[in-house]
Number of protein chains: 2
Amino acid sequence: MIINGSEYRSVWWEHGRLQAIDQNKLPFEFAIAAFTDFQTVAEAIRNMTVRGAPAIGAAGAFGLALAAQSAPDDKFRTHLRKAHDVLIAARPTAVDLVNGVNYVYEQTLKFIPDYVHARQVAVLAANEFANRSSEDCRQLGLAGNAIIPNQARILTHCNAGALATVDWGTALGVIRTAHRKGKELFVYVSETRPRFQGSRLTAFELEQEGIPHAIIADSAAGYYFWKKEIDLVITGADRVCLNGDIANKIGTYEKAVLAKEHKIPFYIAAPLSTFDFGCTRGSEIPIEFRADEELKSVGGVPVANPASPVLNPSFDITPAGFITGIITRKGVFPPREAAQKVQG
Amino acid sequence: MIINGSEYRSVWWEHGRLQAIDQNKLPFEFAIAAFTDFQTVAEAIRNMTVRGAPAIGAAGAFGLALAAQSAPDDKFRTHLRKAHDVLIAARPTAVDLVNGVNYVYEQTLKFIPDYVHARQVAVLAANEFANRSSEDCRQLGLAGNAIIPNQARILTHCNAGALATVDWGTALGVIRTAHRKGKELFVYVSETRPRFQGSRLTAFELEQEGIPHAIIADSAAGYYFWKKEIDLVITGADRVCLNGDIANKIGTYEKAVLAKEHKIPFYIAAPLSTFDFGCTRGSEIPIEFRADEELKSVGGVPVANPASPVLNPSFDITPAGFITGIITRKGVFPPREAAQKVQG
């Protein structure tokens, strides 16, 4: 992605370190965070310095590569296993994290007891995972372009852009591709409480790309459906199951129900790393609950009754029956067929 | 309502002034604002020091009473007409404001040219409007209690409580009545972006009343519908049309669509002042758009990309077909019959 005229990825390996755009500071400050050990990578995933399912998948992969560099020969396997478990536990819902960490873990272990080689392979495997994820998004963008009519008014939720992936984006990657192909688009950006990934990050990416858009309150989507001013919905996903059920940022399901009521197509854009071939249905997906504080204050400003309890699920499940199609690098498929098609 | 052990109304007349609980400061500070002229009352309605359809109806009524006190005999009618127009223009969506101001205006004009008497009548009429509104809510609470099962898990949106009315509340008045009748209840409180009337005000009222509840993000309601953990929805309204369409806080329509999809009853609680007998359908209701800043920052903390446009509709329309019943002081009626029944 281009930020202030320079080309960036959301996460990348440089001089033996993981570097990442600090997504908690955007768009108000553009800062690069650097990581030299897996523990701080896990913390950056937990506190959402790095967020977005494919991006945390790549960050987890690089985190395990960092762990391999510092693992002593005599405790290599134990050290790597611990890092594997800590990284995967950082956030529960996005399967990309499991897939990224597992990929580097398995590739690296193959070279034991050649520890020098194993350490090199860890970095190579992490880079390969990240490159594949980035390329996956570009292919997915091209495939998804087919379902975007010219002059489409599109609703998206949260940030499924270049920041949420290694590069290019999933839902926003499709929109980016359609825009670069010359289509006139307008994007409704729901702000995405409690952490404002829509109003902060998606709006920032759309502005950088020159795509017309407007920020709306999460609750305002229904008004624009009622006004017949939304033509389609595209969001990303944190996990896609075999039956086509998906998990994504809290609020996605509400958009899917609204789309169904208004007979508007609802698409999910997902790279290979977001498919969970071991998950048969959405009810099996673990839903992360985050801190009450996310709903109690904003940047230190209180916004809720102090003594009141909070329920803060960070994701919800959208059943396959609400999804028009899942956009993958291999094409756009009915949700129930997507896992099989993308694997083939 | 009881706040910190004392009995309050949201707005009341005292020593020739209008007094009001400052709802922008709650629940972090409990402050009473006093008004001596209609211009500052209009400003308090615009900036939401006083908010909630029935509450701004009463504030508008008292605002006109203030205008009558200061209107000179020789320009009484002109002065009163100007105050009438300024107060009604303060916010466009809630018809209660029109009804409250018009009531005092019409009662007062009857006594011209007896200006001394007219000024007294203005205050009496405003007090009468406020008292009737308060009593209306109590009756409405009793009528609505019939549709609340014991152990109901209720979703509400925004604040339709004692603060939003003169006293007792509409949606929250029903919940308050059911609670005082001994029913066990749990209330999901959606925070209500952009101004957090749910997490600030409804949560505060429920805490004061000792009713179990939890604050959720606006977007999280769908998750709890999906989990089958919501038994019914009740909200207030800013306007009820002859055909049963209603306007209410932005986000209400989304809750209604979710309720329909999940076959969960969706109720509107409305006092007489919220009915617009001149409005045939929802599409006729003017929707207020509020300042971009409401979505750009929270208490001075930026939460959105600075260069991005904002669309900030403050209300939406819920068509009658999504409404199970409208709760009024005369009973709970199918939406298409409510206007006729409540008037009779």
# chains A, B, ... in the order shown; residues from 1 in each chain; ligands from 1

$ calpha_fit_and_write --fixed "chain A" --moving "chain B" --output "compact mmCIF listing (two decimals) with C-alpha atoms, in the first residue's frame"
# COMPACT_ATOMS: atom_id res chain seq x y z
CA MET B 1 0.02 -0.02 0.01
CA ILE B 2 1.06 3.58 -0.58
CA ILE B 3 1.19 5.74 2.56
CA ASN B 4 2.36 9.31 2.19
CA GLY B 5 3.88 8.37 -1.16
CA SER B 6 5.90 5.35 -0.02
CA GLU B 7 5.18 1.66 -0.48
CA TYR B 8 4.52 -0.31 2.72
CA ARG B 9 3.29 -3.65 3.93
CA SER B 10 1.50 -3.92 7.27
CA VAL B 11 4.20 -6.29 8.59
CA TRP B 12 7.62 -7.24 7.18
CA TRP B 13 10.99 -8.74 8.09
CA GLU B 14 13.97 -6.41 8.06
CA HIS B 15 17.49 -6.81 9.49
CA GLY B 16 16.47 -9.76 11.65
CA ARG B 17 13.48 -7.99 13.13
CA LEU B 18 9.74 -7.90 12.56
CA GLN B 19 8.54 -4.43 11.66
CA ALA B 20 4.90 -3.41 11.68
CA ILE B 21 2.80 -0.32 11.13
CA ASP B 22 1.33 0.61 14.53
CA GLN B 23 -2.40 0.41 13.81
CA ASN B 24 -3.42 1.80 17.19
CA LYS B 25 -1.84 5.13 16.26
CA LEU B 26 -3.21 5.45 12.71
CA PRO B 27 -4.40 7.68 11.14
CA PHE B 28 -3.31 10.31 13.66
CA GLU B 29 0.32 9.21 13.72
CA PHE B 30 2.28 7.00 11.33
CA ALA B 31 4.71 4.94 13.38
CA ILE B 32 6.64 1.73 12.75
CA ALA B 33 7.04 -0.70 15.63
CA ALA B 34 9.97 -3.17 15.69
CA PHE B 35 10.03 -6.54 17.45
CA THR B 36 12.95 -8.76 18.37
CA ASP B 37 11.23 -11.47 20.43
CA PHE B 38 8.04 -13.49 20.16
CA GLN B 39 6.60 -12.29 23.49
CA THR B 40 6.32 -8.68 22.34
CA VAL B 41 4.86 -9.87 19.02
CA ALA B 42 2.16 -11.76 20.97
CA GLU B 43 1.52 -8.63 23.03
CA ALA B 44 1.27 -6.50 19.84
CA ILE B 45 -1.34 -8.94 18.50
CA ARG B 46 -3.28 -8.87 21.80
CA ASN B 47 -3.26 -5.06 22.06
CA MET B 48 -4.00 -4.70 18.34
CA THR B 49 -0.86 -2.81 17.31
CA VAL B 50 -1.16 -5.40 14.52
CA ARG B 51 -4.75 -6.45 13.76
CA GLY B 52 -6.75 -7.96 10.93
CA ALA B 53 -6.90 -11.73 10.45
CA PRO B 54 -4.35 -12.13 7.61
CA ALA B 55 -2.02 -9.51 9.14
CA ILE B 56 -1.90 -11.25 12.52
CA GLY B 57 -1.38 -14.54 10.67
CA ALA B 58 1.77 -13.09 9.10
CA ALA B 59 2.84 -11.42 12.36
CA GLY B 60 2.48 -14.76 14.13
CA ALA B 61 4.58 -16.42 11.43
CA PHE B 62 7.32 -13.81 11.87
CA GLY B 63 6.97 -14.09 15.65
CA LEU B 64 7.79 -17.77 15.45
CA ALA B 65 10.73 -16.97 13.18
CA LEU B 66 12.01 -14.61 15.90
CA ALA B 67 11.61 -17.38 18.46
CA ALA B 68 13.67 -19.73 16.28
CA GLN B 69 16.55 -17.22 16.15
CA SER B 70 16.88 -17.07 19.92
CA ALA B 71 16.09 -20.71 20.72
CA PRO B 72 19.20 -22.52 22.05
CA ASP B 73 20.16 -25.73 20.24
CA ASP B 74 19.67 -27.90 23.30
CA LYS B 75 16.14 -26.66 23.93
CA PHE B 76 15.15 -25.74 20.41
CA ARG B 77 12.02 -27.84 20.15
CA THR B 78 10.72 -26.90 23.63
CA HIS B 79 11.41 -23.24 23.06
CA LEU B 80 9.70 -23.25 19.67
CA ARG B 81 6.68 -25.11 21.03
CA LYS B 82 6.27 -22.57 23.81
CA ALA B 83 6.45 -19.67 21.32
CA HIS B 84 3.96 -21.48 19.08
CA ASP B 85 1.48 -21.82 21.96
CA VAL B 86 1.90 -18.24 23.23
CA LEU B 87 1.48 -16.73 19.77
CA ILE B 88 -1.59 -18.81 18.92
CA ALA B 89 -3.18 -17.91 22.26
CA ALA B 90 -2.78 -14.16 21.65
CA ARG B 91 -6.19 -13.94 19.95
CA PRO B 92 -8.62 -16.83 19.56
CA THR B 93 -11.01 -16.05 16.69
CA ALA B 94 -8.93 -15.52 13.54
CA VAL B 95 -7.69 -18.86 12.23
CA ASP B 96 -5.03 -17.09 10.15
CA LEU B 97 -2.94 -16.80 13.32
CA VAL B 98 -3.05 -20.58 13.82
CA ASN B 99 -2.32 -21.16 10.15
CA GLY B 100 0.61 -18.72 10.03
CA VAL B 101 2.28 -19.99 13.21
CA ASN B 102 1.70 -23.65 12.35
CA TYR B 103 3.17 -23.24 8.88
CA VAL B 104 6.46 -21.82 10.15
CA TYR B 105 6.52 -24.32 13.03
CA GLU B 106 6.16 -27.32 10.76
CA GLN B 107 8.65 -26.10 8.15
CA THR B 108 11.23 -25.31 10.82
CA LEU B 109 10.98 -28.59 12.71
CA LYS B 110 11.76 -30.52 9.53
CA PHE B 111 15.36 -29.34 9.70
CA ILE B 112 16.14 -30.35 13.25
CA PRO B 113 18.83 -31.20 14.32
CA ASP B 114 20.40 -28.84 11.73
CA TYR B 115 19.64 -25.80 13.90
CA VAL B 116 21.47 -23.30 11.74
CA HIS B 117 19.45 -24.34 8.74
CA ALA B 118 16.24 -24.53 10.81
CA ARG B 119 16.65 -20.90 11.90
CA GLN B 120 17.10 -19.77 8.30
CA VAL B 121 14.11 -21.80 7.19
CA ALA B 122 11.95 -20.21 9.89
CA VAL B 123 12.54 -16.78 8.36
CA LEU B 124 12.12 -18.07 4.82
CA ALA B 125 8.86 -19.80 5.72
CA ALA B 126 7.48 -16.69 7.45
CA ASN B 127 8.37 -14.57 4.43
CA GLU B 128 6.82 -17.16 2.14
CA PHE B 129 3.62 -17.14 4.20
CA ALA B 130 3.48 -13.33 4.08
CA ASN B 131 4.22 -13.16 0.34
CA ARG B 132 1.60 -15.77 -0.43
CA SER B 133 -0.92 -13.88 1.68
CA SER B 134 -0.20 -10.66 -0.18
CA GLU B 135 -0.44 -12.36 -3.57
CA ASP B 136 -3.62 -14.13 -2.48
CA CYS B 137 -5.23 -10.74 -1.82
CA ARG B 138 -4.29 -9.44 -5.26
CA GLN B 139 -5.80 -12.50 -6.93
CA LEU B 140 -8.87 -12.22 -4.72
CA GLY B 141 -9.26 -8.58 -5.74
CA LEU B 142 -9.25 -9.52 -9.41
CA ALA B 143 -11.78 -12.31 -8.86
CA GLY B 144 -14.02 -10.05 -6.76
CA ASN B 145 -13.95 -7.22 -9.28
CA ALA B 146 -16.42 -9.25 -11.36
CA ILE B 147 -19.20 -8.80 -8.80
CA ILE B 148 -18.80 -5.01 -8.43
CA PRO B 149 -21.08 -3.08 -10.79
CA ASN B 150 -20.02 0.34 -12.00
CA GLN B 151 -21.44 3.08 -9.73
CA ALA B 152 -21.94 0.57 -6.91
CA ARG B 153 -22.70 1.95 -3.47
CA ILE B 154 -20.92 -0.48 -1.16
CA LEU B 155 -21.19 -0.98 2.60
CA THR B 156 -18.18 -2.41 4.41
CA HIS B 157 -17.56 -2.97 8.09
CA CYS B 158 -14.37 -2.84 10.16
CA ASN B 159 -11.10 -2.78 8.20
CA ALA B 160 -10.42 -5.54 5.70
CA GLY B 161 -7.84 -3.45 3.90
CA ALA B 162 -4.12 -3.52 3.23
CA LEU B 163 -3.55 -2.85 6.92
CA ALA B 164 -5.57 -5.91 7.93
CA THR B 165 -3.63 -8.12 5.54
CA VAL B 166 0.02 -8.11 4.53
CA ASP B 167 -0.90 -5.88 1.61
CA TRP B 168 -3.76 -4.92 -0.72
CA GLY B 169 -6.63 -6.10 1.48
CA THR B 170 -9.53 -8.52 1.15
CA ALA B 171 -12.88 -6.66 1.09
CA LEU B 172 -11.02 -3.41 0.51
CA GLY B 173 -8.75 -5.21 -1.95
CA VAL B 174 -11.79 -5.96 -4.11
CA ILE B 175 -12.90 -2.33 -3.85
CA ARG B 176 -9.35 -1.13 -4.61
CA THR B 177 -9.17 -3.33 -7.71
CA ALA B 178 -12.57 -2.21 -8.99
CA HIS B 179 -11.56 1.44 -8.42
CA ARG B 180 -8.27 1.00 -10.28
CA LYS B 181 -10.19 -0.65 -13.12
CA GLY B 182 -11.99 2.66 -13.49
CA LYS B 183 -15.30 1.94 -11.78
CA GLU B 184 -17.05 4.76 -9.96
CA LEU B 185 -17.74 3.64 -6.40
CA PHE B 186 -19.04 5.03 -3.15
CA VAL B 187 -18.24 3.28 0.12
CA TYR B 188 -20.23 3.53 3.36
CA VAL B 189 -17.71 2.96 6.16
CA SER B 190 -19.27 1.88 9.44
CA GLU B 191 -17.11 3.21 12.24
CA THR B 192 -16.81 -0.17 13.99
CA ARG B 193 -17.11 0.26 17.71
CA PRO B 194 -15.48 -0.21 20.03
CA ARG B 195 -12.10 0.36 18.35
CA PHE B 196 -13.05 2.43 15.31
CA GLN B 197 -11.21 0.34 12.71
CA GLY B 198 -13.73 1.62 10.14
CA SER B 199 -13.56 5.34 10.85
CA ARG B 200 -9.80 5.29 11.55
CA LEU B 201 -8.30 2.70 9.22
CA THR B 202 -10.73 1.97 6.37
CA ALA B 203 -11.47 5.67 5.94
CA PHE B 204 -7.70 6.35 5.91
CA GLU B 205 -7.06 3.69 3.26
CA LEU B 206 -9.94 4.92 1.08
CA GLU B 207 -8.68 8.48 1.35
CA GLN B 208 -5.13 7.41 0.39
CA GLU B 209 -6.61 5.55 -2.60
CA GLY B 210 -8.90 8.45 -3.59
CA ILE B 211 -12.11 6.41 -3.35
CA PRO B 212 -15.25 8.43 -2.46
CA HIS B 213 -16.64 7.36 0.90
CA ALA B 214 -18.37 8.49 4.08
CA ILE B 215 -18.11 7.35 7.67
CA ILE B 216 -21.40 6.35 9.33
CA ALA B 217 -22.28 5.15 12.82
CA ASP B 218 -22.54 1.35 12.97
CA SER B 219 -26.26 1.78 13.67
CA ALA B 220 -26.85 3.95 10.62
CA ALA B 221 -26.44 1.22 8.00
CA GLY B 222 -30.13 0.30 8.36
CA TYR B 223 -31.16 3.82 7.44
CA TYR B 224 -29.24 3.64 4.16
CA PHE B 225 -30.66 0.20 3.36
CA TRP B 226 -34.14 1.65 4.00
CA LYS B 227 -33.31 4.54 1.67
CA LYS B 228 -32.26 1.99 -1.00
CA GLU B 229 -28.82 3.60 -1.16
CA ILE B 230 -26.72 0.46 -0.64
CA ASP B 231 -26.18 -1.90 -3.58
CA LEU B 232 -23.97 -4.51 -1.97
CA VAL B 233 -22.06 -5.39 1.19
CA ILE B 234 -18.51 -6.77 1.36
CA THR B 235 -16.60 -7.58 4.50
CA GLY B 236 -13.58 -9.66 5.37
CA ALA B 237 -13.59 -12.66 7.70
CA ASP B 238 -11.60 -14.02 10.61
CA ARG B 239 -12.51 -17.64 9.92
CA VAL B 240 -14.39 -19.50 7.20
CA CYS B 241 -15.84 -22.93 8.06
CA LEU B 242 -16.38 -25.93 5.81
CA ASN B 243 -20.15 -25.27 5.68
CA GLY B 244 -19.65 -21.62 4.68
CA ASP B 245 -20.42 -20.05 8.07
CA ILE B 246 -17.97 -17.26 8.87
CA ALA B 247 -16.75 -15.28 11.87
CA ASN B 248 -15.96 -11.61 11.47
CA LYS B 249 -15.89 -8.37 13.47
CA ILE B 250 -18.86 -7.85 15.77
CA GLY B 251 -21.62 -6.20 13.73
CA THR B 252 -21.05 -8.19 10.55
CA TYR B 253 -24.04 -10.43 11.24
CA GLU B 254 -26.34 -7.39 11.60
CA LYS B 255 -25.26 -6.17 8.16
CA ALA B 256 -25.95 -9.64 6.73
CA VAL B 257 -29.47 -9.69 8.21
CA LEU B 258 -30.16 -6.22 6.84
CA ALA B 259 -28.88 -7.26 3.41
CA LYS B 260 -31.16 -10.32 3.41
CA GLU B 261 -34.20 -8.25 4.44
CA HIS B 262 -33.47 -5.79 1.63
CA LYS B 263 -32.50 -8.46 -0.93
CA ILE B 264 -29.03 -6.93 -1.33
CA PRO B 265 -26.01 -9.18 -2.07
CA PHE B 266 -23.71 -9.84 0.89
CA TYR B 267 -20.15 -10.99 0.11
CA ILE B 268 -17.26 -12.20 2.23
CA ALA B 269 -13.71 -11.78 0.89
CA ALA B 270 -11.26 -14.35 2.30
CA PRO B 271 -7.71 -15.43 1.46
CA LEU B 272 -6.65 -19.05 1.88
CA SER B 273 -5.22 -18.37 5.36
CA THR B 274 -8.73 -17.55 6.64
CA PHE B 275 -10.19 -20.97 5.83
CA ASP B 276 -10.38 -23.45 8.70
CA PHE B 277 -10.64 -26.89 7.15
CA GLY B 278 -11.11 -28.42 10.58
CA CYS B 279 -14.18 -26.35 11.41
CA THR B 280 -17.49 -27.78 10.32
CA ARG B 281 -19.78 -24.92 11.40
CA GLY B 282 -19.79 -21.40 12.87
CA SER B 283 -20.93 -22.43 16.33
CA GLU B 284 -17.55 -24.16 16.78
CA ILE B 285 -15.61 -20.91 16.39
CA PRO B 286 -14.31 -19.43 19.67
CA ILE B 287 -15.57 -15.85 20.11
CA GLU B 288 -13.14 -13.48 21.79
CA PHE B 289 -14.52 -11.21 24.51
CA ARG B 290 -12.34 -8.16 25.00
CA ALA B 291 -11.91 -5.83 27.99
CA ASP B 292 -14.90 -3.90 29.40
CA GLU B 293 -12.76 -0.79 29.15
CA GLU B 294 -13.23 -0.74 25.36
CA LEU B 295 -16.87 0.22 25.98
CA LYS B 296 -16.27 2.25 29.14
CA SER B 297 -14.00 4.96 27.75
CA VAL B 298 -12.48 6.33 24.56
CA GLY B 299 -8.88 7.52 24.86
CA GLY B 300 -9.41 8.14 28.58
CA VAL B 301 -12.75 9.93 28.15
CA PRO B 302 -15.50 8.04 30.03
CA VAL B 303 -18.54 7.16 27.89
CA ALA B 304 -20.47 4.71 30.07
CA ASN B 305 -22.02 4.49 33.52
CA PRO B 306 -19.08 3.46 35.72
CA ALA B 307 -20.96 0.88 37.82
CA SER B 308 -22.65 -0.90 34.90
CA PRO B 309 -21.48 -4.30 33.61
CA VAL B 310 -20.34 -4.69 30.00
CA LEU B 311 -20.53 -7.52 27.49
CA ASN B 312 -17.94 -7.04 24.77
CA PRO B 313 -17.87 -9.84 22.19
CA SER B 314 -15.37 -8.86 19.52
CA PHE B 315 -16.72 -11.11 16.75
CA ASP B 316 -19.97 -12.65 15.62
CA ILE B 317 -20.97 -15.53 13.39
CA THR B 318 -22.71 -15.04 10.05
CA PRO B 319 -24.32 -18.31 8.92
CA ALA B 320 -23.79 -19.38 5.32
CA GLY B 321 -27.48 -18.81 4.51
CA PHE B 322 -26.93 -15.04 4.73
CA ILE B 323 -23.92 -15.00 2.41
CA THR B 324 -24.34 -14.49 -1.34
CA GLY B 325 -20.79 -15.56 -2.15
CA ILE B 326 -17.31 -15.95 -0.74
CA ILE B 327 -14.69 -14.17 -2.80
CA THR B 328 -11.42 -16.10 -3.03
CA ARG B 329 -8.34 -16.02 -5.24
CA LYS B 330 -9.91 -18.84 -7.27
CA GLY B 331 -13.22 -17.10 -7.87
CA VAL B 332 -16.47 -16.24 -6.14
CA PHE B 333 -18.25 -19.31 -4.76
CA PRO B 334 -21.47 -20.12 -2.93
CA PRO B 335 -20.49 -20.24 0.76
CA ARG B 336 -21.05 -23.98 1.13
CA GLU B 337 -18.65 -24.73 -1.76
CA ALA B 338 -15.92 -22.20 -1.01
CA ALA B 339 -13.71 -24.31 1.28
CA GLN B 340 -13.63 -27.17 -1.19
CA LYS B 341 -13.02 -24.91 -4.20
CA VAL B 342 -10.24 -22.85 -2.65
CA GLN B 343 -8.33 -25.93 -1.55
CA GLY B 344 -8.49 -27.72 -4.88

$ select_by_dssp --residues "stretch 149-339 of chain B" --states "strand (DSSP E)" --output "JSON, numbers by chain"
{"B": [152, 153, 154, 155, 156, 157, 185, 186, 187, 188, 189, 190, 213, 214, 215, 216, 232, 233, 234, 235, 239, 240, 246, 247, 248, 249, 266, 267, 268, 269, 297, 298, 301, 302, 315, 316, 317, 318, 325, 326, 327, 328, 331, 332, 333]}

$ select_by_dssp --residues "stretch 63-155 of chain A" --states "helix (DSSP H, G or I)" --output "ChimeraX atom specification"
/A:63-70,73-88,95-109,115-145

$ write_last_selection --atoms "C-alpha atoms" --output "PDB file, in the first residue's frame"
ATOM      1  CA  GLY A  63       6.968 -14.073  15.644  1.00  0.00           C
ATOM      2  CA  LEU A  64       7.783 -17.761  15.446  1.00  0.00           C
ATOM      3  CA  ALA A  65      10.736 -16.961  13.159  1.00  0.00           C
ATOM      4  CA  LEU A  66      12.002 -14.602  15.874  1.00  0.00           C
ATOM      5  CA  ALA A  67      11.606 -17.374  18.456  1.00  0.00           C
ATOM      6  CA  ALA A  68      13.665 -19.726  16.259  1.00  0.00           C
ATOM      7  CA  GLN A  69      16.541 -17.221  16.121  1.00  0.00           C
ATOM      8  CA  SER A  70      16.873 -17.066  19.903  1.00  0.00           C
ATOM      9  CA  ASP A  73      20.174 -25.734  20.213  1.00  0.00           C
ATOM     10  CA  ASP A  74      19.666 -27.911  23.276  1.00  0.00           C
ATOM     11  CA  LYS A  75      16.144 -26.645  23.904  1.00  0.00           C
ATOM     12  CA  PHE A  76      15.141 -25.731  20.371  1.00  0.00           C
ATOM     13  CA  ARG A  77      12.010 -27.844  20.113  1.00  0.00           C
ATOM     14  CA  THR A  78      10.726 -26.898  23.588  1.00  0.00           C
ATOM     15  CA  HIS A  79      11.421 -23.225  23.035  1.00  0.00           C
ATOM     16  CA  LEU A  80       9.700 -23.251  19.643  1.00  0.00           C
ATOM     17  CA  ARG A  81       6.679 -25.103  21.024  1.00  0.00           C
ATOM     18  CA  LYS A  82       6.286 -22.561  23.793  1.00  0.00           C
ATOM     19  CA  ALA A  83       6.472 -19.673  21.318  1.00  0.00           C
ATOM     20  CA  HIS A  84       3.971 -21.490  19.084  1.00  0.00           C
ATOM     21  CA  ASP A  85       1.487 -21.813  21.950  1.00  0.00           C
ATOM     22  CA  VAL A  86       1.914 -18.251  23.235  1.00  0.00           C
ATOM     23  CA  LEU A  87       1.488 -16.743  19.778  1.00  0.00           C
ATOM     24  CA  ILE A  88      -1.589 -18.803  18.929  1.00  0.00           C
ATOM     25  CA  VAL A  95      -7.684 -18.844  12.238  1.00  0.00           C
ATOM     26  CA  ASP A  96      -5.012 -17.090  10.150  1.00  0.00           C
ATOM     27  CA  LEU A  97      -2.951 -16.797  13.314  1.00  0.00           C
ATOM     28  CA  VAL A  98      -3.048 -20.564  13.833  1.00  0.00           C
ATOM     29  CA  ASN A  99      -2.327 -21.153  10.154  1.00  0.00           C
ATOM     30  CA  GLY A 100       0.620 -18.721  10.022  1.00  0.00           C
ATOM     31  CA  VAL A 101       2.273 -19.973  13.214  1.00  0.00           C
ATOM     32  CA  ASN A 102       1.685 -23.630  12.335  1.00  0.00           C
ATOM     33  CA  TYR A 103       3.152 -23.227   8.872  1.00  0.00           C
ATOM     34  CA  VAL A 104       6.448 -21.797  10.129  1.00  0.00           C
ATOM     35  CA  TYR A 105       6.514 -24.306  12.992  1.00  0.00           C
ATOM     36  CA  GLU A 106       6.157 -27.315  10.721  1.00  0.00           C
ATOM     37  CA  GLN A 107       8.636 -26.087   8.118  1.00  0.00           C
ATOM     38  CA  THR A 108      11.211 -25.296  10.780  1.00  0.00           C
ATOM     39  CA  LEU A 109      10.960 -28.589  12.668  1.00  0.00           C
ATOM     40  CA  TYR A 115      19.595 -25.789  13.853  1.00  0.00           C
ATOM     41  CA  VAL A 116      21.433 -23.288  11.695  1.00  0.00           C
ATOM     42  CA  HIS A 117      19.396 -24.331   8.713  1.00  0.00           C
ATOM     43  CA  ALA A 118      16.201 -24.538  10.763  1.00  0.00           C
ATOM     44  CA  ARG A 119      16.613 -20.891  11.844  1.00  0.00           C
ATOM     45  CA  GLN A 120      17.083 -19.775   8.251  1.00  0.00           C
ATOM     46  CA  VAL A 121      14.082 -21.802   7.163  1.00  0.00           C
ATOM     47  CA  ALA A 122      11.916 -20.206   9.860  1.00  0.00           C
ATOM     48  CA  VAL A 123      12.522 -16.780   8.338  1.00  0.00           C
ATOM     49  CA  LEU A 124      12.092 -18.074   4.798  1.00  0.00           C
ATOM     50  CA  ALA A 125       8.841 -19.803   5.702  1.00  0.00           C
ATOM     51  CA  ALA A 126       7.471 -16.694   7.439  1.00  0.00           C
ATOM     52  CA  ASN A 127       8.363 -14.561   4.430  1.00  0.00           C
ATOM     53  CA  GLU A 128       6.808 -17.129   2.130  1.00  0.00           C
ATOM     54  CA  PHE A 129       3.600 -17.128   4.209  1.00  0.00           C
ATOM     55  CA  ALA A 130       3.464 -13.320   4.076  1.00  0.00           C
ATOM     56  CA  ASN A 131       4.203 -13.135   0.348  1.00  0.00           C
ATOM     57  CA  ARG A 132       1.597 -15.755  -0.419  1.00  0.00           C
ATOM     58  CA  SER A 133      -0.943 -13.871   1.697  1.00  0.00           C
ATOM     59  CA  SER A 134      -0.223 -10.647  -0.160  1.00  0.00           C
ATOM     60  CA  GLU A 135      -0.430 -12.351  -3.561  1.00  0.00           C
ATOM     61  CA  ASP A 136      -3.620 -14.135  -2.463  1.00  0.00           C
ATOM     62  CA  CYS A 137      -5.234 -10.750  -1.794  1.00  0.00           C
ATOM     63  CA  ARG A 138      -4.288  -9.436  -5.243  1.00  0.00           C
ATOM     64  CA  GLN A 139      -5.812 -12.483  -6.915  1.00  0.00           C
ATOM     65  CA  LEU A 140      -8.863 -12.225  -4.704  1.00  0.00           C
ATOM     66  CA  GLY A 141      -9.235  -8.582  -5.735  1.00  0.00           C
ATOM     67  CA  LEU A 142      -9.252  -9.531  -9.407  1.00  0.00           C
ATOM     68  CA  ALA A 143     -11.775 -12.317  -8.851  1.00  0.00           C
ATOM     69  CA  GLY A 144     -14.004 -10.064  -6.761  1.00  0.00           C
ATOM     70  CA  ASN A 145     -13.937  -7.240  -9.272  1.00  0.00           C
TER      71      ASN A 145
END
